[in-house]
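Pasting coords.tsv here (TSV, C-alpha atoms):
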```tsv
chain	number	residue	atom	x	y	z
A	1095	MET	CA	227.37	24.64	33.37
A	1096	ASN	CA	230.36	24.86	31.01
A	1097	PHE	CA	230.57	28.61	31.37
A	1098	ASP	CA	230.27	28.30	35.15
A	1099	LEU	CA	233.73	26.72	35.30
A	1100	LEU	CA	235.33	29.86	33.89
A	1101	ILE	CA	233.26	32.04	36.20
A	1102	ILE	CA	234.58	29.99	39.12
A	1103	ALA	CA	238.14	30.15	37.74
A	1104	GLY	CA	237.89	33.92	37.34
A	1105	SER	CA	236.45	34.26	40.82
A	1106	PHE	CA	239.41	32.34	42.24
A	1107	SER	CA	241.81	34.69	40.45
A	1108	LEU	CA	239.96	37.72	41.78
A	1109	LEU	CA	239.92	36.27	45.30
A	1110	ALA	CA	243.68	35.73	45.06
A	1111	ALA	CA	244.04	39.37	43.94
A	1112	VAL	CA	242.04	40.57	46.95
A	1113	LEU	CA	244.23	38.47	49.26
A	1114	HIS	CA	247.34	40.05	47.73
A	1115	LEU	CA	245.85	43.50	48.34
A	1116	GLY	CA	245.15	42.43	51.91
A	1117	VAL	CA	248.79	41.43	52.33
A	1118	VAL	CA	249.88	44.91	51.27
A	1119	MET	CA	247.47	46.48	53.75
A	1120	GLY	CA	248.34	43.98	56.49
A	1121	GLY	CA	252.05	44.66	56.26
A	1122	PRO	CA	255.02	42.51	57.27
A	1123	SER	CA	253.08	40.11	59.50
A	1124	TRP	CA	250.76	39.31	56.58
A	1125	TYR	CA	253.71	38.82	54.23
A	1126	ARG	CA	255.10	36.33	56.77
A	1127	PHE	CA	251.76	34.59	57.39
A	1128	PHE	CA	251.09	34.08	53.67
A	1129	GLY	CA	254.62	32.77	53.07
A	1130	ALA	CA	256.08	35.55	50.96
A	1131	GLY	CA	259.57	34.63	52.08
A	1132	GLU	CA	261.81	36.13	54.70
A	1133	SER	CA	263.51	38.52	52.28
A	1134	MET	CA	260.14	40.08	51.38
A	1135	VAL	CA	259.20	40.25	55.06
A	1136	LEU	CA	262.48	41.98	55.96
A	1137	MET	CA	262.09	44.48	53.13
A	1138	ALA	CA	258.53	45.23	54.27
A	1139	GLU	CA	259.71	45.63	57.89
A	1140	ASN	CA	262.39	48.07	56.71
A	1141	GLY	CA	259.86	50.19	54.84
A	1142	SER	CA	260.98	49.20	51.34
A	1143	MET	CA	258.47	49.79	48.56
A	1144	LYS	CA	259.69	46.72	46.65
A	1145	PRO	CA	257.34	44.20	48.37
A	1146	ILE	CA	254.41	46.54	47.85
A	1147	VAL	CA	255.17	47.06	44.16
A	1148	ILE	CA	255.68	43.32	43.58
A	1149	THR	CA	252.52	42.36	45.45
A	1150	LEU	CA	250.41	45.03	43.74
A	1151	GLY	CA	251.81	43.85	40.40
A	1152	ILE	CA	250.75	40.29	41.17
A	1153	ALA	CA	247.30	41.52	42.22
A	1154	ALA	CA	246.94	43.48	38.97
A	1155	VAL	CA	247.86	40.42	36.89
A	1156	LEU	CA	245.37	38.29	38.82
A	1157	ILE	CA	242.62	40.88	38.22
A	1158	VAL	CA	243.32	40.79	34.48
A	1159	TRP	CA	243.31	36.97	34.55
A	1160	GLY	CA	239.98	36.98	36.37
A	1161	ALA	CA	238.55	39.38	33.80
A	1162	TYR	CA	239.71	37.11	30.96
A	1163	ALA	CA	238.10	34.06	32.54
A	1164	TRP	CA	234.85	35.96	33.04
A	1165	SER	CA	235.08	37.25	29.48
A	1166	GLY	CA	235.46	33.70	28.21
A	1167	ALA	CA	232.37	32.75	30.18
A	1168	GLY	CA	230.45	35.63	28.60
A	1169	PHE	CA	230.07	37.35	31.97
A	1170	LEU	CA	232.12	40.32	30.71
A	1171	PRO	CA	232.43	41.67	27.15
A	1172	ARG	CA	234.85	39.84	24.88
A	1173	LEU	CA	238.44	40.91	25.56
A	1174	PRO	CA	241.19	41.05	22.92
A	1175	PHE	CA	243.13	37.85	22.18
A	1176	LEU	CA	240.68	35.90	24.35
A	1177	LYS	CA	241.61	32.40	23.17
A	1178	LEU	CA	245.34	33.02	23.39
A	1179	ALA	CA	245.06	34.72	26.78
A	1180	LEU	CA	242.99	31.89	28.25
A	1181	LEU	CA	245.49	29.32	26.98
A	1182	VAL	CA	248.45	31.22	28.39
A	1183	ILE	CA	246.73	31.86	31.75
A	1184	THR	CA	245.78	28.20	32.02
A	1185	ALA	CA	249.31	27.09	31.15
A	1186	ILE	CA	250.84	29.43	33.72
A	1187	TYR	CA	248.55	28.20	36.49
A	1188	LEU	CA	249.25	24.55	35.64
A	1189	ILE	CA	253.01	25.01	35.24
A	1190	ARG	CA	253.20	26.96	38.51
A	1191	GLY	CA	251.12	24.29	40.21
A	1192	PHE	CA	253.12	21.30	39.00
A	1193	GLY	CA	256.45	23.11	39.21
A	1194	GLY	CA	255.81	24.28	42.75
A	1195	LEU	CA	255.08	20.75	43.85
A	1196	VAL	CA	258.39	19.54	42.42
A	1197	ALA	CA	260.86	22.43	42.84
A	1198	PRO	CA	261.28	22.43	46.64
A	1199	PHE	CA	262.20	18.76	46.51
A	1200	VAL	CA	264.76	18.93	43.69
A	1201	THR	CA	266.61	22.22	44.12
A	1202	ASN	CA	268.36	24.25	46.77
A	1203	HIS	CA	268.02	27.51	44.86
A	1204	PRO	CA	267.65	30.45	47.29
A	1205	GLN	CA	264.50	31.70	45.52
A	1206	ILE	CA	262.87	28.35	46.25
A	1207	ARG	CA	264.34	27.81	49.73
A	1208	GLN	CA	263.22	31.21	51.02
A	1209	ASN	CA	259.71	29.77	51.30
A	1210	SER	CA	258.70	26.74	53.33
A	1211	ILE	CA	257.75	23.42	51.77
A	1212	ALA	CA	254.28	23.93	53.24
A	1213	PHE	CA	253.99	27.21	51.29
A	1214	TRP	CA	255.01	25.49	48.07
A	1215	VAL	CA	252.59	22.61	48.57
A	1216	TRP	CA	249.49	24.62	49.44
A	1217	SER	CA	250.09	27.47	46.98
A	1218	SER	CA	250.84	24.97	44.22
A	1219	ALA	CA	247.71	22.98	45.01
A	1220	ILE	CA	245.68	26.20	44.75
A	1221	CYS	CA	247.29	27.01	41.39
A	1222	LEU	CA	246.54	23.49	40.15
A	1223	VAL	CA	242.89	23.76	41.15
A	1224	ILE	CA	242.51	27.11	39.41
A	1225	GLY	CA	244.39	25.79	36.37
A	1226	VAL	CA	242.12	22.74	36.14
A	1227	PHE	CA	239.00	24.93	36.33
A	1228	HIS	CA	240.44	27.01	33.48
A	1229	LEU	CA	241.43	23.96	31.44
A	1230	VAL	CA	238.14	22.12	31.75
A	1231	GLY	CA	236.23	25.37	31.23
A	1232	ILE	CA	238.03	26.36	28.04
A	1233	ILE	CA	237.88	22.84	26.62
A	1234	ALA	CA	234.12	22.81	27.19
A	1235	ILE	CA	233.49	26.16	25.51
A	1236	TRP	CA	236.31	26.21	22.95
A	1237	PRO	CA	234.00	25.86	19.91
A	1238	THR	CA	232.05	28.93	21.01
A	1239	LEU	CA	235.06	31.18	21.60
```
Encoded form (structure tokens):
Amino acid sequence: MNFDLLIIAGSFSLLAAVLHLGVVMGGPSWYRFFGAGESMVLMAENGSMKPIVITLGIAAVLIVWGAYAWSGAGFLPRLPFLKLALLVITAIYLIRGFGGLVAPFVTNHPQIRQNSIAFWVWSSAICLVIGVFHLVGIIAIWPTL
């Protein structure tokens, strides 16, 4: 059961990576639907490679994070710096989750305001869920890592 939590966490990361790949394939309307922000949508509509590079970069990071979670669960071979990587990944998910729930309500920064409050709330909730799966999973298996 303890290892299952990291398998679930890794699966969430990999699902998020697949969705990011889908956004690239879906084009500007998918960028808009998934709340990438109007500047990303406009760049995609104008044929800029920047949204594609950014989105593929995010997908690549999420794939690596999924692999680390699965490695921690023993589903994949042990990856380098496993403990440190799992701690950092967990921290990033939790910080993004909590920060995204607070930021749109306390700042008018253009990078925050380009996305809707709905985007910040649902994407942050997703990050929190994934972060909690990571946190509980690594706490449960920490002695075996």
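For the residues A:Val1200, A:Met1134, A:Ile1101, A:Leu1239, ranking by smallest atom-to-atom distance to Arg1172 of chain A using only C-alpha atoms places A:Leu1239 first.
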Env of segment 1119-1133 of chain A: 6 Å cut, atoms = only C-alpha atoms, seq-sep filter 5 positions within chain, self excluded. Answer as an NGL selection string. :A and (1138-1139 or 1208-1209 or 1213)
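Of note, atom CA of Phe1192 of chain A and atom CA of Val1155 of chain A are spaced 19.9 Å apart.
Of the listed residues A:Ala1111, A:Leu1173, A:Ala1179, A:Val1230, the one whose atoms come nearest to Ile1152 of chain A is A:Ala1111, with distances taken using all atoms listed in the file.
Closest approach to Arg1190 of chain A among A:Gly1116, A:Gly1166, A:Gly1225, A:Pro1145 is made by A:Gly1225 (distances from all atoms listed in the file).
Picture a line from atom CA of Ile1186 of chain A to atom CA of Trp1159 of chain A; it runs 10.7 Å.
Closest approach to Leu1109 of chain A from the set A:Ile1232, A:Ala1167, A:Ala1197, A:Ile1224 is made by A:Ile1224, with distances taken over only C-alpha atoms.
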Of the residues A:Val1223, A:Tyr1162, A:Thr1149, A:His1114, which is the one nearest to Phe1175 of chain A, using all atoms listed in the file? A:Tyr1162
Which value, in Å to one decimal, gives the distance between atom CA of Gly1193 of chain A and atom CA of Ser1217 of chain A? 10.9 Å
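With distances restricted to all atoms listed in the file, A:Trp1214 is the closest residue to Gly1194 of chain A from A:Trp1214, A:Cys1221, A:Val1182, A:Lys1177.
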Within 9 Å of Ser1107 of chain A, counting all atoms listed in the file, which residues qualify if same-chain residues fewer than 6 places away don't, as a PyMOL selection string? chain A and resi 1153+1156-1161+1163+1224
Segment 1143-1157 of chain A: axis-aligned bounding box, 4 Å on each side, centre and edge lengths in Å, one decimal, as lines of an AutoDock Vina configuration file:
```
center_x = 251.2
center_y = 44.0
center_z = 42.7
size_x = 25.1
size_y = 19.5
size_z = 19.7
```
Add whatever atoms are absent from segment 1183-1219 of chain A to reach N, CA and C atoms, and provide the output as a short mmCIF file (atom, residue, chain, number, x, y, z; two decimals), in the frame of the given file.
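Contents of result27.cif, as written:
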```cif
data_model
loop_
_atom_site.label_atom_id
_atom_site.label_comp_id
_atom_site.auth_asym_id
_atom_site.auth_seq_id
_atom_site.Cartn_x
_atom_site.Cartn_y
_atom_site.Cartn_z
N ILE A 1183 247.08 31.81 30.32
CA ILE A 1183 246.73 31.86 31.75
C ILE A 1183 246.62 30.44 32.31
N THR A 1184 245.94 29.59 31.58
CA THR A 1184 245.78 28.20 32.02
C THR A 1184 247.14 27.52 32.13
N ALA A 1185 247.98 27.71 31.13
CA ALA A 1185 249.31 27.09 31.15
C ALA A 1185 250.13 27.59 32.33
N ILE A 1186 250.07 28.88 32.61
CA ILE A 1186 250.84 29.43 33.72
C ILE A 1186 250.37 28.84 35.05
N TYR A 1187 249.07 28.79 35.25
CA TYR A 1187 248.55 28.20 36.49
C TYR A 1187 249.00 26.74 36.63
N LEU A 1188 248.89 25.97 35.55
CA LEU A 1188 249.25 24.55 35.64
C LEU A 1188 250.75 24.35 35.81
N ILE A 1189 251.55 25.12 35.10
CA ILE A 1189 253.01 25.01 35.24
C ILE A 1189 253.44 25.42 36.64
N ARG A 1190 252.88 26.52 37.14
CA ARG A 1190 253.20 26.96 38.51
C ARG A 1190 252.78 25.89 39.52
N GLY A 1191 251.61 25.31 39.29
CA GLY A 1191 251.12 24.29 40.21
C GLY A 1191 252.01 23.06 40.24
N PHE A 1192 252.27 22.50 39.06
CA PHE A 1192 253.12 21.30 39.00
C PHE A 1192 254.56 21.62 39.41
N GLY A 1193 255.08 22.73 38.90
CA GLY A 1193 256.45 23.11 39.21
C GLY A 1193 256.67 23.36 40.69
N GLY A 1194 255.70 24.00 41.32
CA GLY A 1194 255.81 24.28 42.75
C GLY A 1194 255.72 23.05 43.62
N LEU A 1195 255.13 22.00 43.10
CA LEU A 1195 255.08 20.75 43.85
C LEU A 1195 256.39 19.97 43.72
N VAL A 1196 257.15 20.26 42.67
CA VAL A 1196 258.39 19.54 42.42
C VAL A 1196 259.61 20.33 42.91
N ALA A 1197 259.66 21.61 42.61
CA ALA A 1197 260.86 22.43 42.84
C ALA A 1197 261.45 22.34 44.25
N PRO A 1198 260.65 22.44 45.31
CA PRO A 1198 261.28 22.43 46.64
C PRO A 1198 261.94 21.10 47.00
N PHE A 1199 261.63 20.08 46.23
CA PHE A 1199 262.20 18.76 46.51
C PHE A 1199 263.40 18.42 45.64
N VAL A 1200 263.67 19.26 44.62
CA VAL A 1200 264.76 18.93 43.69
C VAL A 1200 265.82 20.02 43.56
N THR A 1201 265.64 21.15 44.24
CA THR A 1201 266.61 22.22 44.12
C THR A 1201 266.86 22.90 45.47
N ASN A 1202 268.02 23.45 45.60
CA ASN A 1202 268.36 24.25 46.77
C ASN A 1202 268.48 25.73 46.43
N HIS A 1203 267.92 26.13 45.30
CA HIS A 1203 268.02 27.51 44.86
C HIS A 1203 267.43 28.43 45.93
N PRO A 1204 268.13 29.54 46.22
CA PRO A 1204 267.65 30.45 47.29
C PRO A 1204 266.24 30.99 47.05
N GLN A 1205 265.85 31.20 45.80
CA GLN A 1205 264.50 31.70 45.52
C GLN A 1205 263.44 30.67 45.91
N ILE A 1206 263.79 29.41 45.86
CA ILE A 1206 262.87 28.35 46.25
C ILE A 1206 262.93 28.14 47.76
N ARG A 1207 264.12 28.10 48.30
CA ARG A 1207 264.34 27.81 49.73
C ARG A 1207 263.87 28.91 50.66
N GLN A 1208 263.66 30.14 50.13
CA GLN A 1208 263.22 31.21 51.02
C GLN A 1208 261.80 30.96 51.53
N ASN A 1209 261.06 30.10 50.86
CA ASN A 1209 259.71 29.77 51.30
C ASN A 1209 259.70 28.35 51.85
N SER A 1210 258.78 28.07 52.73
CA SER A 1210 258.70 26.74 53.33
C SER A 1210 258.11 25.74 52.33
N ILE A 1211 258.35 24.47 52.60
CA ILE A 1211 257.75 23.42 51.77
C ILE A 1211 256.23 23.49 51.88
N ALA A 1212 255.73 23.79 53.07
CA ALA A 1212 254.28 23.93 53.24
C ALA A 1212 253.72 25.01 52.30
N PHE A 1213 254.43 26.15 52.21
CA PHE A 1213 253.99 27.21 51.29
C PHE A 1213 253.92 26.68 49.87
N TRP A 1214 254.98 25.99 49.44
CA TRP A 1214 255.01 25.49 48.07
C TRP A 1214 253.89 24.49 47.81
N VAL A 1215 253.63 23.63 48.77
CA VAL A 1215 252.59 22.61 48.57
C VAL A 1215 251.21 23.24 48.50
N TRP A 1216 250.86 24.10 49.48
CA TRP A 1216 249.49 24.62 49.44
C TRP A 1216 249.29 25.63 48.33
N SER A 1217 250.27 26.48 48.06
CA SER A 1217 250.09 27.47 46.98
C SER A 1217 250.06 26.77 45.63
N SER A 1218 250.84 25.72 45.48
CA SER A 1218 250.84 24.97 44.22
C SER A 1218 249.53 24.22 44.02
N ALA A 1219 249.00 23.66 45.10
CA ALA A 1219 247.71 22.98 45.01
C ALA A 1219 246.62 23.96 44.58
#
```
